[in-house]
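Coordinates from final24.txt are shown below (compact mmCIF, C-alpha atoms).
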```txt
# COMPACT_ATOMS: atom_id res chain seq x y z
CA MET M 66 74.61 -59.07 -16.66
CA THR M 67 71.73 -58.43 -19.02
CA PRO M 68 68.17 -58.53 -17.65
CA GLU M 69 65.70 -61.31 -18.33
CA ILE M 70 63.63 -60.41 -21.38
CA PRO M 71 60.00 -61.54 -21.11
CA ALA M 72 58.65 -63.42 -24.11
CA TYR M 73 55.67 -61.10 -24.44
CA LEU M 74 58.01 -58.12 -24.93
CA VAL M 75 59.81 -59.88 -27.79
CA THR M 76 56.50 -60.73 -29.45
CA PHE M 77 55.16 -57.22 -28.95
CA GLU M 78 58.22 -55.47 -30.36
CA SER M 79 58.41 -57.87 -33.31
CA ALA M 80 54.86 -56.87 -34.25
CA VAL M 81 55.17 -53.13 -33.62
CA ARG M 82 58.48 -52.57 -35.43
CA PRO M 83 57.25 -53.50 -38.96
CA PHE M 84 54.01 -51.62 -38.29
CA VAL M 85 55.90 -48.41 -37.51
CA ALA M 86 58.17 -48.88 -40.53
CA ALA M 87 55.12 -49.45 -42.75
CA ILE M 88 53.59 -46.17 -41.56
CA ALA M 89 56.78 -44.29 -42.43
CA LEU M 90 56.98 -45.93 -45.86
CA LEU M 91 53.32 -45.11 -46.52
CA LEU M 92 54.01 -41.44 -45.82
CA ILE M 93 57.05 -41.44 -48.11
CA TRP M 94 55.24 -42.98 -51.07
CA THR M 95 52.12 -40.87 -50.52
CA GLY M 96 54.35 -37.83 -50.88
CA ALA M 97 55.95 -39.30 -54.01
CA PHE M 98 52.58 -39.87 -55.68
CA ARG M 99 51.32 -36.39 -54.83
CA MET M 100 54.39 -34.24 -55.43
CA GLU M 101 54.92 -32.41 -58.70
CA GLY M 102 57.62 -33.34 -61.18
CA PRO M 103 58.59 -36.19 -63.51
CA ALA M 104 57.64 -39.65 -62.29
CA GLN M 105 61.22 -40.89 -62.43
CA SER M 106 62.48 -38.09 -60.20
CA ARG M 107 59.66 -38.58 -57.71
CA TYR M 108 60.16 -42.31 -57.45
CA VAL M 109 63.94 -42.04 -57.20
CA THR M 110 63.53 -39.68 -54.26
CA ALA M 111 61.00 -41.96 -52.57
CA GLY M 112 63.17 -44.99 -53.27
CA ALA M 113 66.23 -43.33 -51.74
CA LEU M 114 64.25 -42.32 -48.64
CA SER M 115 62.77 -45.80 -48.33
CA ALA M 116 66.20 -47.43 -48.61
CA THR M 117 67.55 -45.02 -45.98
CA LEU M 118 64.68 -45.82 -43.62
CA ILE M 119 65.09 -49.59 -44.03
CA GLY M 120 68.87 -49.30 -43.69
CA TRP M 121 68.48 -47.26 -40.51
CA LEU M 122 66.08 -49.83 -39.09
CA ALA M 123 68.45 -52.68 -39.97
CA ILE M 124 71.44 -50.93 -38.38
CA ALA M 125 69.46 -50.06 -35.26
CA GLN M 126 68.32 -53.66 -34.94
CA TYR M 127 71.83 -55.05 -35.49
CA ILE M 128 73.45 -52.74 -32.93
CA GLY M 129 70.61 -53.19 -30.47
CA SER M 130 70.51 -56.98 -30.73
CA ALA M 131 74.28 -57.08 -30.20
CA ASN M 132 73.69 -55.16 -26.94
CA MET M 133 76.23 -52.51 -27.93
CA TYR M 134 74.16 -49.88 -26.11
CA PHE M 135 73.77 -51.89 -22.91
CA ALA M 136 75.20 -50.13 -19.85
CA LYS M 137 76.17 -52.11 -16.74
CA THR M 138 77.80 -49.51 -14.52
CA ASP M 139 77.23 -45.90 -13.54
CA THR M 140 80.54 -44.95 -15.14
CA ALA M 141 79.44 -46.22 -18.56
CA VAL M 142 79.25 -43.70 -21.39
CA PRO M 143 75.62 -43.39 -22.64
CA THR M 144 76.34 -44.45 -26.23
CA ILE M 145 72.61 -44.84 -26.81
CA ALA M 146 72.58 -41.06 -27.30
CA LEU M 147 74.33 -41.66 -30.64
CA GLY M 148 71.55 -43.98 -31.75
CA LEU M 149 69.09 -41.20 -31.01
CA THR M 150 70.89 -38.12 -32.34
CA ILE M 151 72.59 -39.39 -35.51
CA PRO M 152 69.29 -40.21 -37.31
CA LEU M 153 67.92 -36.79 -36.32
CA ILE M 154 70.98 -34.99 -37.69
CA VAL M 155 70.83 -36.93 -40.96
CA ALA M 156 67.10 -36.26 -41.35
CA ALA M 157 67.48 -32.53 -40.66
CA ALA M 158 70.36 -32.28 -43.13
CA GLY M 159 68.42 -34.13 -45.81
CA LEU M 160 65.38 -31.89 -45.45
CA ARG M 161 67.49 -28.74 -45.50
CA LEU M 162 69.89 -29.65 -48.31
CA SER M 163 67.67 -31.61 -50.71
CA ALA M 164 64.98 -29.71 -52.59
CA ALA M 165 63.51 -33.02 -53.80
CA ILE M 166 63.08 -34.29 -50.24
CA ALA M 167 61.52 -30.98 -49.19
CA ARG M 168 59.03 -31.18 -52.08
CA LEU M 169 58.12 -34.76 -51.24
CA VAL M 170 57.60 -33.97 -47.56
CA SER M 171 55.53 -30.92 -48.49
CA ALA M 172 53.25 -33.09 -50.63
CA ILE M 173 52.20 -35.39 -47.79
CA PRO M 174 48.81 -34.36 -46.34
CA LEU M 175 49.57 -32.72 -43.01
CA HIS M 176 46.84 -34.60 -41.18
CA TRP M 177 48.41 -37.87 -42.32
CA ILE M 178 51.72 -36.90 -40.73
CA VAL M 179 49.91 -36.10 -37.49
CA ALA M 180 47.84 -39.30 -37.55
CA ALA M 181 50.96 -41.37 -38.22
CA GLN M 182 51.93 -40.98 -34.58
CA VAL M 183 49.06 -43.19 -33.52
CA TYR M 184 51.82 -45.78 -33.13
CA ARG M 185 52.82 -43.97 -29.94
CA VAL M 186 50.04 -45.86 -28.10
CA ALA M 187 52.50 -48.77 -28.19
CA GLY M 188 54.30 -46.92 -25.41
CA GLY M 189 51.70 -48.50 -23.16
CA ILE M 190 54.13 -51.43 -22.99
CA PHE M 191 56.06 -49.38 -20.43
CA LEU M 192 53.05 -49.53 -18.13
CA VAL M 193 52.77 -53.29 -18.62
CA LEU M 194 56.45 -53.76 -17.83
CA TRP M 195 56.13 -51.55 -14.73
CA ALA M 196 53.13 -53.56 -13.50
CA ASP M 197 55.22 -56.68 -14.10
CA GLY M 198 57.99 -55.27 -11.92
CA ARG M 199 60.48 -54.90 -14.76
CA LEU M 200 60.69 -51.10 -15.08
CA PRO M 201 60.97 -48.37 -12.43
CA TRP M 202 57.89 -46.22 -12.02
CA GLN M 203 59.89 -42.99 -12.36
CA PHE M 204 60.39 -43.84 -16.03
CA ALA M 205 57.47 -46.09 -16.91
CA LEU M 206 54.60 -43.93 -15.68
CA PRO M 207 55.42 -40.62 -17.40
CA ALA M 208 56.72 -42.33 -20.54
CA GLY M 209 53.84 -44.77 -20.85
CA ILE M 210 51.02 -42.39 -20.02
CA GLY M 211 52.50 -39.64 -22.18
CA ASP M 212 52.95 -41.91 -25.18
CA VAL M 213 49.44 -43.35 -24.99
CA ALA M 214 47.96 -39.86 -24.68
CA THR M 215 50.01 -38.56 -27.61
CA GLY M 216 49.00 -41.48 -29.81
CA LEU M 217 45.29 -41.15 -29.05
CA LEU M 218 45.34 -37.37 -29.42
CA ALA M 219 47.10 -37.74 -32.78
CA VAL M 220 43.94 -39.29 -34.22
CA VAL M 221 41.68 -36.61 -32.72
CA VAL M 222 43.87 -33.71 -33.86
CA ALA M 223 44.34 -35.20 -37.33
CA ALA M 224 40.58 -35.56 -37.74
CA ARG M 225 40.06 -31.90 -36.80
CA LEU M 226 42.78 -30.86 -39.21
CA ALA M 227 41.30 -32.93 -42.04
CA ARG M 228 37.93 -31.22 -41.53
CA ASN M 229 39.62 -27.82 -41.28
CA ALA M 230 37.77 -27.34 -38.00
CA PRO M 231 38.09 -24.02 -36.16
CA GLY M 232 41.18 -24.02 -33.96
CA ALA M 233 42.66 -27.06 -35.71
CA ILE M 234 46.03 -25.40 -36.30
CA SER M 235 46.27 -24.33 -32.67
CA ALA M 236 45.42 -27.89 -31.67
CA VAL M 237 48.22 -29.21 -33.87
CA TYR M 238 50.72 -26.86 -32.26
CA ALA M 239 49.57 -27.84 -28.76
CA TRP M 240 49.68 -31.54 -29.62
CA CYS M 241 53.17 -31.19 -31.10
CA LEU M 242 54.50 -29.43 -28.03
CA PHE M 243 52.89 -32.03 -25.76
CA GLY M 244 54.30 -34.91 -27.83
CA ILE M 245 57.81 -33.45 -27.87
CA ALA M 246 57.67 -32.72 -24.14
CA ASP M 247 56.61 -36.33 -23.53
CA LEU M 248 59.65 -37.59 -25.43
CA VAL M 249 62.00 -35.22 -23.62
CA VAL M 250 60.66 -36.35 -20.25
CA ALA M 251 60.87 -40.02 -21.25
CA LEU M 252 64.46 -39.67 -22.47
CA THR M 253 65.45 -37.74 -19.36
CA MET M 254 63.87 -40.22 -16.96
CA GLY M 255 65.28 -43.10 -18.98
CA ALA M 256 68.78 -41.71 -18.53
CA MET M 257 68.25 -40.91 -14.85
CA THR M 258 66.99 -44.42 -14.02
CA SER M 259 69.53 -46.40 -16.09
CA PRO M 260 73.16 -47.29 -15.34
CA GLY M 261 75.42 -44.57 -16.70
CA ARG M 262 76.75 -41.15 -15.79
CA PRO M 263 73.27 -39.48 -15.53
CA HIS M 264 71.96 -42.23 -13.19
CA LEU M 265 70.25 -40.43 -10.28
CA LEU M 266 67.11 -42.50 -9.59
CA ALA M 267 65.96 -46.12 -9.14
CA PHE M 268 69.24 -47.45 -7.73
CA ASP M 269 67.56 -50.47 -6.16
CA ALA M 270 65.89 -51.54 -9.41
CA PRO M 271 67.63 -49.71 -12.28
CA ASN M 272 66.14 -49.46 -15.74
CA LEU M 273 68.16 -52.17 -17.48
CA LEU M 274 65.58 -53.04 -20.12
CA ILE M 275 65.67 -49.70 -21.97
CA THR M 276 69.20 -50.31 -23.28
CA SER M 277 68.58 -54.02 -23.88
CA TYR M 278 67.17 -55.57 -27.04
CA PRO M 279 64.36 -55.42 -28.05
CA LEU M 280 63.19 -52.45 -25.93
CA VAL M 281 66.24 -50.46 -27.04
CA MET M 282 64.55 -50.16 -30.46
CA ILE M 283 62.27 -47.54 -28.94
CA PRO M 284 64.94 -44.91 -28.16
CA THR M 285 66.97 -45.76 -31.27
CA PHE M 286 64.16 -45.99 -33.83
CA ALA M 287 60.65 -45.15 -32.61
CA VAL M 288 61.63 -42.03 -30.65
CA PRO M 289 63.84 -40.45 -33.36
CA LEU M 290 61.10 -41.15 -35.90
CA ALA M 291 58.53 -39.46 -33.66
CA LEU M 292 60.77 -36.41 -33.27
CA MET M 293 61.23 -36.28 -37.04
CA LEU M 294 57.48 -36.34 -37.56
CA HIS M 295 56.96 -33.60 -34.99
CA GLY M 296 59.70 -31.57 -36.63
CA ILE M 297 58.13 -31.99 -40.07
CA VAL M 298 54.75 -30.87 -38.77
CA LEU M 299 56.24 -27.72 -37.23
CA TRP M 300 58.29 -27.08 -40.39
CA ARG M 301 55.18 -27.39 -42.54
CA LEU M 302 53.17 -25.07 -40.31
CA ARG M 303 55.91 -22.46 -40.35
CA ARG M 304 56.08 -22.61 -44.15
CA GLN M 305 52.30 -22.24 -44.38
CA THR M 306 52.37 -19.23 -42.09
CA ALA M 307 55.17 -17.64 -44.10
CA ALA M 308 53.30 -18.25 -47.37
CA LYS M 309 50.14 -16.64 -45.99
CA GLY M 310 52.19 -13.68 -44.82
CA ARG M 311 53.65 -13.19 -48.29
CA LEU M 312 50.19 -13.35 -49.86
CA ALA M 313 48.86 -10.82 -47.38
CA ALA M 314 51.77 -8.51 -48.08
CA ALA M 315 51.18 -8.77 -51.83
```

Show this structure as structure tokens.
Amino acid sequence: MTPEIPAYLVTFESAVRPFVAAIALLLIWTGAFRMEGPAQSRYVTAGALSATLIGWLAIAQYIGSANMYFAKTDTAVPTIALGLTIPLIVAAAGLRLSAAIARLVSAIPLHWIVAAQVYRVAGGIFLVLWADGRLPWQFALPAGIGDVATGLLAVVVAARLARNAPGAISAVYAWCLFGIADLVVALTMGAMTSPGRPHLLAFDAPNLLITSYPLVMIPTFAVPLALMLHGIVLWRLRRQTAAKGRLAAA
């Protein structure tokens, strides 16, 4: 039996989903305009990434709306893990194996990538759903508070980075680690409060909404995208540190 989906959640997710996709597309095409190389090559790369992003979103929405991830019993296999991990594997492989993708990602202003995660404030919907009695507090409080904090801090850290303020790089590292930790905690508590093999908490009022459409779009689209953005930031910082080390050695 699927849970009752409040109308405000459907409206909220329908507004947030295209907003998040638009942010990702903006980053892609900003990189295409700024990267070096022939225009045709740059735009082909951006077009391929855009098509992949839109295709991923469409697949996630189709599978989610068909309730293929929905778990009813504690013996259910957590198939939602596939919706989370497959996009991450594909993204990591693309960045590692495609020089064109690496150049495009490297051309995006780093502070833009950080600021893009302002969309994480939408995680405040968890707090609304908890107050409405539709989510267990063990999941909603850490996930909601952590997401809102990460989204707000993204703007502050990005502004410091754009101004090249003292300690900005350290702030980016700290923000990245905090944002990743928030996602890990949210995913862990989501699994522990939902029907399935890891279910250890909230037996009286299990977390049924997180694997139901439309809230399932968060762990299958918004969360993997956030992890990708964090990964890109850390990848860029490591490359910058390595480049400075080579210059110092020369």

Would you place a box with edges along x, y and z of the file around all atoms of stretch 266-277 of chain M listed there, add 3 Å to each of its six sides, and report the centre and edge lengths in Å to one decimal, as lines of an AutoDock Vina configuration file?
```
center_x = 67.4
center_y = -48.3
center_z = -15.0
size_x = 9.7
size_y = 17.5
size_z = 23.7
```

Write out as a VMD selection string each polymer residue whose atoms come within 10 Å of M:Val213, counting all atoms listed in the file; drop sequence neighbours fewer than 4 positions from it.
chain M and resid 183 to 190 192 208 to 209 217 to 219

How far is it from atom CA of M:Ala214 to atom CA of M:Pro231, in Å with one decimal?
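According to the coordinates, atom CA of M:Ala214 and atom CA of M:Pro231 are separated by 21.9 Å.
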
Closest to M:Val179 among M:Phe135, M:Trp240, M:Tyr278, M:Tyr127, using all atoms listed in the file?
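Smallest distance to M:Val179 is found for M:Trp240.
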
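The shortest atom-to-atom distance to M:Met254, with only C-alpha atoms taken into account, belongs to M:Gln203 out of M:Ser106, M:Thr285, M:Thr276, M:Gln203.
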
Got a sec: who's within 9 Å of M:Trp195, counting only C-alpha atoms, leaving out chain neighbours fewer than 5 positions off, as number ranges by chain?
M: 190, 200-202, 204-206

Quick one: of M:Ile297, M:Ala246, M:Leu153, M:Ala270, who's nearest to M:Ile166, counting only C-alpha atoms?
M:Ile297

Could you check the closest approach to M:Ala236 for each of M:His176, M:Arg99, M:His264, M:Lys137 and tell me which residue wins, using all atoms listed in the file?
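Selected residue with least distance to M:Ala236: M:His176.
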
Kindly indicate which residue among M:Ile128, M:Ala233, M:Ala97, M:Val85 lies nearest to M:Val288, using all atoms listed in the file for the distances.
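For M:Val288, the nearest of the given residues is M:Val85.
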
For M:Pro207, which of M:Leu91, M:Ala131, M:Val250, M:Ile245 is the closest residue, counting only C-alpha atoms?
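Counting only C-alpha atoms, the residue closest to M:Pro207 is M:Val250.
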
Within 8 Å of M:Asn272 using only C-alpha atoms, minus same-chain residues under 2 positions, as a list of chain:residue names:
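Here the qualifying residues turn out to be M:Arg199, M:Leu200, M:Pro201, M:Gly255, M:Thr258, M:Ser259, M:Pro260, M:Ala267, M:Ala270, M:Leu274, M:Ile275.
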
Atom-to-atom span, atom CA of M:Leu226 and atom CA of M:Val298, Å
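Value for the atom CA of M:Leu226-atom CA of M:Val298 distance: 12.0 Å.
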
Between atom CA of M:Arg304 and atom CA of M:Leu90, what is the distance in Å, rounded to a tenth?
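If I compute the distance from atom CA of M:Arg304 to atom CA of M:Leu90, I get 23.4 Å.
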
Name the residues in contact with M:Gly96 at a cut-off of 7 Å, using all atoms listed in the file, excluding same-chain residues fewer than 4 positions from it; report them as JSON, numbers by chain.
{"M": [92, 100, 169, 170, 172, 173]}

Within-12 Å shell of (54.8, -25.1, -43.5) in input frame, all atoms listed in the file, as an MDAnalysis selection string:
chainID M and resid 167:168 170:175 234 296:310
